[in-house]
Amino acid sequence: MFKRKFHREDSEMTRNNGRQDDSGVFTKANIAIGSKVWVENNGVAWEEADVIEIDNGQAKVLTARGLVFYTPIFKMHPRDPDAKHGGVDDMTKLAYLNEPGVLHNLARRYELNDIYTYTGSILIAVNPFTKLPHLYNVHMMEQYRGATFGELSPHVFAVADVSYRAMINEGRSQSILVSGESGAGKTETTKLIMQYLAYIGGRAAMDGRTVEQQVLESNPLLEAFGNAKTVRNDNSRKYWRGHYKEVHLFISRFGKFVEIQFDKNGRISGAAIRTYLLERSRVVQITHPERNYHCFYQLCASPEDVAKYKLGDPRLLHYLNQSNTYDLVGVSNAQEYNNTRRAMHIVGINLEEQESIFRVLAGILHLGNIEFVSGKEHDSSILKDKKSAFHLQTAAELLMCDVETLQDVLCKRVIVTHDGNIVKSLEPHVAAANRDALAKTVYSHLFDWLVDKINKSIGQDPDSKTQIGVLDIYGFESFQNNSFEQFCINLANEKLQQHFNQHVFKMEQDDYSKEEINWSYIEFIDNQDVLDLIEKKPIGIIALLDESCMFPKSTSETFATKLFQNFGNNHRFKKPKLAQTDFTISHYAGEVTYQTDHFLEKNRDYIVVEHNNLLSSSKCPFVASLFPSLPEHNIKSSYRFSSVATRFKQQLQALLETLNCTEPHFIRCVKPNASNKPGNFDNQSVLHQLRCGGVLEAVRISCAGYPTRCTYDEFLDRFGLLAPEIINRNYDEKTASQKLLQKLNLHNFQLGKTKVFLRAGQIVDLDVRRAHALNNAAKVIQRFVRAFIARKEFIRTCDAVITIQTYCRGFLACKILELRRREIATTIIQKHTRRWLLERKYMLLRSVAIVVQAGIRASFAHKEFNMKKQTVAATKIQRQWHMFKVQSYFCQLRKATIAFQCAWRCRVATRELRRLKLSARETGALQEAKNKLDKRCEELTWRLELEKRLRVAAEESKRVEVKKLLNAFQEMQEELNRANLKFIQEREKANVLQSKLETATRELSKLETTQVKFQELIKENENAKASVELIEKKQLETEREFIRTKKELEEWQKRADEAELKASRAKQDLQRSEERIASVDHEKQVLRQQSIAISPNSGLKNVANPILIQKTPEFHQLSNGDQRSHFDSPMSSQIFREFSRTPVESRRSRLILERQQENQEVLLKCVTENLGFTHHRPVAACIIYKCLLHWHTFEAERTTMFDHLIQAILSEIEGQEDGNVLAYWLSNISTLLFLLQRNLRSNSFPTATQLRLNASVSYLGRLTQSFRSPSNIASPGALASCGDNTSAWQVDAKYPALLFKQQLTAALEKVYGLIRDNAKRELTPLLNFCIQAPRVSRVSMVKGSRSPNFGGSNHQALGSHWHNIIKILSSLLNTLCSNHVPAFFISKLFTQVFSFINVQLFNSMLLRRECCSFSNGEYVKFGLSELEQWICEATEKYAGKSWDELRFIRQAVGFLVIHQKRNKPLNELVNDICPGLSIQQLYRISTMYWDDKYGTQSVSNEVIRNMIDIVKNDSHDMSNNSFLLDDDLSIPFSADDISNTIDDIDLSDVEPPPLLHEYPTFQFLLQHS
């Protein structure tokens, strides 16, 4: 157990403000030059500094502002040089748990908008004075729901959740103590606690209001009657030195305990508000510049009430004019009065009760203006003047009691004796005290009535066994003038602080026990001595105060004298030097000096029977209800003394008993500055609040034990360099830590299961040794670096010398080389000169020979070229002529073929027309259609004849043109032949001349004669060439004409192809009408059968054949038994009239209904089974659609078939968790919805005229089809099967069918949502493991890094969770594909699943600091690579844009694993590394990042400041304030998307299930298939 050690303060402790217990106090032994320290600063409390010199217990320090001064070593505190930029989320994680460390950590987190910080299990909440909606939305509450305490970032929701979970699991009531000064955010924190409790254990709102809303709506009423303006000391540092600065505040003058009640199921069942310690004396006595309760000023601000209750100016009312403060800056009393009235309406106080309440308040104010003077007797009193009589009369009227009785009650006292009652007159001052006692009693009863009324309005659960209470009570007070009220309030805070200390002790005990360390010898501080000083009996301040109040002649001087006599030697009690009646008490938050001037008056309170009797007999029912009759034991004494302090102590004890029955949780609210401005952190004010709130006291308690606690891996990471030989050995973390501490000769440390516990000051010694080791290592590094630099310089000098030598030797070598080059060059020049002379002579001879040879060879080449050219020209002419002959023959043959086909088709069409005329004579309704078809046929015949004529004309024109071209070609051919003949003759002449030329060359004597003849031959040859060129030109013109004619033929051919294309399109358009004609033919057959059925020979027994009617497309069987026809033909109308006159109509309708119901049941029974798939198409969906289409259910005005189908489908998927079943129905529903979307239209039914038009078009379609192929005429049963052209038949759907399509869409969305939610549910537990890498000890990492198999084994172990995710995704994909779910739905599903993975991982990373580490980034990056590989394998067809959905977590992980973050500018981070993240998200990751692998730092401080500026500038935009992502729960598709993305479905070959083979009504399915 813990040993208690009472806190004793001497002058040295007072001077240091109790800091001797802080963690890590510096001494001469453990301080060194360069140490990082905190030094005192009057402006900012504590300032960062570095030690630059040490001299005789004094240290010369250099502050961050550049100031240099000396300070005592014992006044400094160590500072952690490795502190995180964003601070730590739990104060117990601080390396140095001291006052400046706590203050600096809160300031750093406040700059980052992290307003919540833990100190163990205590939550510190700093008011941001700005809206942070992203911290309190539903998504944030869901994150903290069920989370382990400390797993996520500190939050008020975490405290509320841990209290709720403890209540549910342990069955014990909980309490949350919210403390802090006014403006620190206590009310808002209480509201958030109730909001979270309502979220996780809420009940349905009553009258539109939840329990939390009802409790919060009562706040204005309680604040009006329980809050008042006070003063407090705003500058704690100046206060301790005796200087004051007053600040005016609204402070609750009572304690409020909101008790939220829960039932056995953990749901809110009721609530209650308990009030404690109301300051009654404030009603009758206040001091400047304070105020009375707000309700009095609000009443005086209402002109109507002032006139009604005769109040007048508040400056004339005694209970209000004791202070000159009547109005508050920025607060309107009239507006607050309206708010109070509104709050009364909300809590259920009717107008009559409201009037009574304000009558009582006015009566109290009038009582305060009643003054007394001495009467005729010296010990009697009477009213002072008429003004007092007026106020007495008015008070009696308002309270509805007798005036004389009221005066007697105030001026006289009844003493009850055995012999009877004795009436005694009171002196004036006693009568005034009696008046004040009446006013305080009335106000106290009124306040209690209001609280009861509020509780009744909220509603309580008397059967509730567990509750969560939220206590909101005034904090520690220390003013310039501290009276009896501050004494009582500080007593309450001392009691609560003791309760708080006990909780901290228990927390420390639980932590030590959890870690299994020895803690029995630990001593801690307690404030029981202060409580004994105040409330111990028989000698305590309260006991002495009650004793003095019992004596009428006691004064403040006599009371102070008693205190000095009894407590002069108490170290907690002091007497100021310059005051005679003041005394000072050393509280846990500091010393407070009290003035005893009004202690006796404020402590005296009397229970006067006459007061109760007077008001209980009031004619006002409300006033009478406030004062019930007293018990008999109270009637025996009509005027009994009651101590306010004693009653206060009893109420405080009752409150503590209530709290002791619960498990406490503490929230300390802190107001960062007095100006209520965001972003301003006043160190002095916050430090004072931390002291008054007991936070620093909790720190000192922790320092009494083991203030420094860190995990083994953190300890080894930081101090492992002091003994690297231990780290490199095969030790586990605990053993390595123990050997390290033993080597460093540290004692009194403790090793727990997971942490190292160090005593105060030991962390300083370790840091000093670490600094020495780092300094020595730095010196070694510097030595080696300098040696490296010198060696590098020496090598550079040697290299320079060698370089100079090289250049010199090279210069000499170049000179020698130049001489040798000159000699060689001279030799070469001579050689080339001789060669050039010989070459020139040779080339001259060679050129002469070449000229002679060239002339001879040119002559032979020219002859050969001309011969080849003539041969090629002749070949081209022959080829063109053969082509023309063949093409002419082909055109004639094609023309004859077309003519023959047209004649044959006309013959076939004529036969078809005759057959249709014969078949249409029996039906009068088709007569008009026949005429139109005949006209259409004649028109087509005329068009065909016209087309034939045009073709004949075109052929004739072509034939003429061809003849002309042939003639021209023949003429050109003849000319060519003549030219060839002439060319041959010329060639023969040229040969003769050539032979003569050869002879002439041999004979030089005959050269001149031969040369003349040769020139003549050349001229003749040129003439022949000109003739040939002319012929070639004519041939080219002929070829061009032929090409032009060919183009014209191609154009005619193109026109013919276009005509054929138009004919084919017309065929496709008319094919649908042809199918309608088939339906008409089917109608004729049905009409014949019906005519036979109603013949006299057959009777009426087969009139209502359900199978026949069911298969008849023109009839619809309705839910009420009526039948309707699509066509208005005379025969059908006659048949209907005959049916309506038959006596068996009801029986026929019943049989039809029974048959339809049987068919529906069979169909539903069949489709609810797993029918499987045929050619990747779901059988159930295809069978449903074909049955509904065949039965014409889509065209029915009323039917129950759709409702039965929807119910059957929903019953199959309701509550279904089997993914295979859900995927099966997703495939069937999507296919059925696609068929409906494609083939239903919302138009009205077609009329008979439209059907006849369609019939005529159908005949035209068949006629057109006969022109192409006589064998392709449509059969009458063409509509029976649904081919792959689903758009060929569209049904005019009625309202039930359209409603069925909407219900089917809703069912599809539901199945899709179930599959998606099931996948998310399976992934959620795995994602919680995947966001943080499993811990691997530092020692094992050092050992394992030397093993070659380390990477592979760890890689496989760390990736097991990611592999499980891959298995879930693959299993889901296989399930969907095996059920042939369309790829469109699969891609949408996986896109949303990956979006969910992105949201979960990213939000967890932003909420948990341990996830923002380098190694964790590598772990998540490995998992993302696995997901990327899976997406690539799944292909974009199924995975869609899933990889893009992971962009947030990918960019966040990319930031974690990049190196040299401090060198990255903001532009690069925003534009390149994390372009998708907002500044606030990037800012949070940057501040939470920590490198657990290489020890590198996050981004630079300049980048952080730039981010802060941007975040502040964007803070007005509430939509951008949330740094968390929201999960997408929408349905990412519509019915139109389904019809646009799924391919057409062919239903013709879908085989029906065996069950339907047995029923004759389903035989159409077999026929179709």
# chains A, B, ... in the order shown; residues from 1 in each chain; ligands from 1
>>> residues_around(residues="range 115-125 of chain A", least_positions_apart="5", cutoff="7 Å", atoms="only C-alpha atoms", output="ChimeraX atom specification")
/A:89-92,109-110,154-155,665-670
>>> write_last_selection(atoms="all heavy atoms", output="compact mmCIF listing (two decimals), in the first residue's frame")
# COMPACT_ATOMS: atom_id res chain seq x y z
N ASP A 89 0.31 13.13 -26.40
CA ASP A 89 -1.11 13.13 -26.05
C ASP A 89 -1.35 12.71 -24.61
O ASP A 89 -2.48 12.83 -24.13
CB ASP A 89 -1.89 12.23 -27.00
CG ASP A 89 -1.31 10.82 -27.04
OD1 ASP A 89 -0.38 10.54 -26.26
OD2 ASP A 89 -1.79 10.01 -27.85
N ASP A 90 -0.32 12.22 -23.91
CA ASP A 90 -0.46 11.84 -22.50
C ASP A 90 0.74 12.39 -21.75
O ASP A 90 1.90 12.16 -22.12
CB ASP A 90 -0.51 10.31 -22.37
CG ASP A 90 -0.95 9.88 -20.99
OD1 ASP A 90 -0.90 10.70 -20.05
OD2 ASP A 90 -1.36 8.71 -20.83
N MET A 91 0.46 13.16 -20.71
CA MET A 91 1.54 13.79 -19.95
C MET A 91 2.49 12.76 -19.34
O MET A 91 3.68 13.07 -19.14
CB MET A 91 0.95 14.65 -18.83
CG MET A 91 0.05 15.77 -19.31
SD MET A 91 0.94 17.08 -20.14
CE MET A 91 -0.35 18.32 -20.21
N THR A 92 1.99 11.57 -19.06
CA THR A 92 2.86 10.57 -18.46
C THR A 92 3.94 10.10 -19.43
O THR A 92 4.90 9.44 -19.02
CB THR A 92 2.03 9.37 -17.99
OG1 THR A 92 1.32 8.82 -19.10
CG2 THR A 92 1.03 9.79 -16.93
N ARG A 109 0.27 21.65 -28.19
CA ARG A 109 -0.92 20.97 -28.72
C ARG A 109 -2.04 21.98 -29.00
O ARG A 109 -2.81 21.79 -29.95
CB ARG A 109 -1.40 19.90 -27.72
CG ARG A 109 -0.46 18.72 -27.60
CD ARG A 109 -0.98 17.69 -26.62
NE ARG A 109 -2.25 17.15 -27.00
CZ ARG A 109 -2.44 16.19 -27.91
NH1 ARG A 109 -1.40 15.66 -28.52
NH2 ARG A 109 -3.65 15.75 -28.20
N TYR A 110 -2.12 23.03 -28.22
CA TYR A 110 -3.15 24.05 -28.47
C TYR A 110 -2.89 24.76 -29.79
O TYR A 110 -3.83 25.12 -30.51
CB TYR A 110 -3.16 25.05 -27.31
CG TYR A 110 -4.25 26.09 -27.42
CD1 TYR A 110 -5.58 25.75 -27.19
CD2 TYR A 110 -3.96 27.40 -27.77
CE1 TYR A 110 -6.58 26.70 -27.29
CE2 TYR A 110 -4.96 28.36 -27.87
CZ TYR A 110 -6.27 28.00 -27.63
OH TYR A 110 -7.27 28.94 -27.74
N PRO A 154 -6.67 11.89 -27.61
CA PRO A 154 -7.50 12.28 -26.46
C PRO A 154 -8.76 13.00 -26.91
O PRO A 154 -8.74 13.80 -27.85
CB PRO A 154 -6.57 13.20 -25.66
CG PRO A 154 -5.19 12.81 -26.07
CD PRO A 154 -5.29 12.39 -27.49
N HIS A 155 -9.85 12.71 -26.23
CA HIS A 155 -11.13 13.31 -26.61
C HIS A 155 -12.09 13.15 -25.44
O HIS A 155 -11.98 12.20 -24.65
CB HIS A 155 -11.69 12.65 -27.86
CG HIS A 155 -12.66 13.51 -28.61
ND1 HIS A 155 -13.94 13.75 -28.18
CD2 HIS A 155 -12.52 14.18 -29.78
CE1 HIS A 155 -14.56 14.53 -29.04
NE2 HIS A 155 -13.71 14.82 -30.02
N HIS A 665 -14.27 9.79 -12.98
CA HIS A 665 -13.50 10.18 -14.16
C HIS A 665 -13.41 11.71 -14.12
O HIS A 665 -14.40 12.38 -13.81
CB HIS A 665 -14.17 9.72 -15.46
CG HIS A 665 -14.49 8.27 -15.49
ND1 HIS A 665 -13.59 7.32 -15.93
CD2 HIS A 665 -15.60 7.58 -15.10
CE1 HIS A 665 -14.14 6.12 -15.84
NE2 HIS A 665 -15.36 6.25 -15.34
N PHE A 666 -12.25 12.22 -14.43
CA PHE A 666 -12.00 13.64 -14.23
C PHE A 666 -11.70 14.33 -15.56
O PHE A 666 -10.96 13.82 -16.40
CB PHE A 666 -10.82 13.84 -13.27
CG PHE A 666 -11.08 13.34 -11.88
CD1 PHE A 666 -10.75 12.04 -11.52
CD2 PHE A 666 -11.67 14.16 -10.94
CE1 PHE A 666 -11.00 11.57 -10.24
CE2 PHE A 666 -11.92 13.70 -9.65
CZ PHE A 666 -11.59 12.40 -9.31
N ILE A 667 -12.31 15.50 -15.71
CA ILE A 667 -12.04 16.37 -16.85
C ILE A 667 -11.76 17.76 -16.29
O ILE A 667 -12.58 18.33 -15.57
CB ILE A 667 -13.24 16.43 -17.83
CG1 ILE A 667 -13.53 15.05 -18.39
CG2 ILE A 667 -12.95 17.41 -18.96
CD1 ILE A 667 -14.73 15.01 -19.32
N ARG A 668 -10.58 18.28 -16.60
CA ARG A 668 -10.19 19.61 -16.15
C ARG A 668 -10.26 20.55 -17.36
O ARG A 668 -9.51 20.41 -18.31
CB ARG A 668 -8.77 19.58 -15.58
CG ARG A 668 -8.63 18.76 -14.31
CD ARG A 668 -9.44 19.39 -13.18
NE ARG A 668 -9.19 18.76 -11.90
CZ ARG A 668 -10.06 18.02 -11.26
NH1 ARG A 668 -11.25 17.78 -11.81
NH2 ARG A 668 -9.79 17.50 -10.08
N CYS A 669 -11.18 21.51 -17.29
CA CYS A 669 -11.33 22.49 -18.36
C CYS A 669 -10.45 23.70 -18.07
O CYS A 669 -10.40 24.19 -16.94
CB CYS A 669 -12.79 22.93 -18.51
SG CYS A 669 -13.90 21.58 -18.97
N VAL A 670 -9.77 24.16 -19.10
CA VAL A 670 -8.80 25.25 -18.95
C VAL A 670 -9.19 26.37 -19.89
O VAL A 670 -9.49 26.13 -21.07
CB VAL A 670 -7.37 24.76 -19.24
CG1 VAL A 670 -6.38 25.92 -19.18
CG2 VAL A 670 -6.97 23.67 -18.26
>>> residues_around(residues="Asn1328 in chain A", least_positions_apart="6", cutoff="10 Å", atoms="only C-alpha atoms", output="PyMOL selection string")
chain A and resi 1361+1400-1401+1404
>>> write_last_selection(atoms="N, CA, C and O atoms", output="CSV table (one decimal), in the first residue's frame")
chain,number,residue,atom,x,y,z
A,1361,HIS,N,-2.1,-10.2,-42.3
A,1361,HIS,CA,-3.4,-9.5,-42.3
A,1361,HIS,C,-3.8,-9.0,-43.6
A,1361,HIS,O,-4.9,-9.1,-44.1
A,1400,GLN,N,-11.1,4.0,-43.8
A,1400,GLN,CA,-10.8,3.4,-42.5
A,1400,GLN,C,-9.3,3.6,-42.2
A,1400,GLN,O,-8.9,4.0,-41.1
A,1401,LEU,N,-8.5,3.3,-43.2
A,1401,LEU,CA,-7.0,3.4,-42.9
A,1401,LEU,C,-6.6,4.8,-42.7
A,1401,LEU,O,-5.8,5.2,-41.8
A,1404,SER,N,-8.0,6.2,-39.3
A,1404,SER,CA,-7.2,5.7,-38.2
A,1404,SER,C,-5.8,6.2,-38.1
A,1404,SER,O,-5.3,6.5,-37.0
>>> residues_around(residues="Pro1382 in chain A", least_positions_apart="6", cutoff="9 Å", atoms="only C-alpha atoms", output="number ranges by chain")
A: 1227, 1230-1231, 1376, 1541-1542
>>> write_last_selection(atoms="N, CA and C atoms", output="short mmCIF file (atom, residue, chain, number, x, y, z; two decimals), in the first residue's frame")
data_model
loop_
_atom_site.label_atom_id
_atom_site.label_comp_id
_atom_site.auth_asym_id
_atom_site.auth_seq_id
_atom_site.Cartn_x
_atom_site.Cartn_y
_atom_site.Cartn_z
N SER A 1227 -27.65 -11.24 -59.40
CA SER A 1227 -27.61 -11.55 -60.83
C SER A 1227 -29.01 -11.65 -61.40
N SER A 1230 -30.90 -8.12 -61.34
CA SER A 1230 -30.35 -7.19 -62.33
C SER A 1230 -30.75 -7.60 -63.74
N THR A 1231 -30.74 -8.92 -64.02
CA THR A 1231 -31.14 -9.38 -65.36
C THR A 1231 -32.61 -9.09 -65.62
N LEU A 1376 -19.05 -13.57 -56.95
CA LEU A 1376 -19.82 -12.76 -57.90
C LEU A 1376 -19.68 -13.31 -59.32
N THR A 1541 -25.41 -0.37 -69.78
CA THR A 1541 -24.11 -1.03 -69.58
C THR A 1541 -24.15 -2.54 -69.77
N ILE A 1542 -25.32 -3.16 -69.69
CA ILE A 1542 -25.43 -4.62 -69.84
C ILE A 1542 -25.75 -4.94 -71.30
#
>>> select_by_dssp(residues="range 285-405 of chain A", states="alpha helix (DSSP H)", output="MDAnalysis selection string")
chainID A and resid 294:300 303:309 333:346 351:368 386:399 403:405
>>> atom_distance(atom1="CA of Ala861 in chain A", atom2="CA of Lys1033 in chain A")
23.9 Å
>>> select_by_dssp(residues="range 40-274 of chain A", states="strand (DSSP E or B)", output="PyMOL selection string")
chain A and resi 40-41+45-55+58-63+68-72+77-78+90+116-119+122-126+174-179+206+209+227-233+246-252+255-262+268-274
>>> closest_residue(among="A:Lys553, A:Leu1226, A:Pro672, A:Arg1155", to="Gln684 in chain A", atoms="only C-alpha atoms")
A:Pro672
>>> residues_around(residues="Ser483 in chain A", least_positions_apart="2", cutoff="6 Å", atoms="only C-alpha atoms", output="list in words")
Glu485, Gln486, Tyr594 and Gln595 of chain A
>>> atom_distance(atom1="CA of Ser457 in chain A", atom2="CA of Ile346 in chain A")
8.7 Å
>>> atom_distance(atom1="CA of Trp942 in chain A", atom2="CA of Lys895 in chain A")
18.8 Å
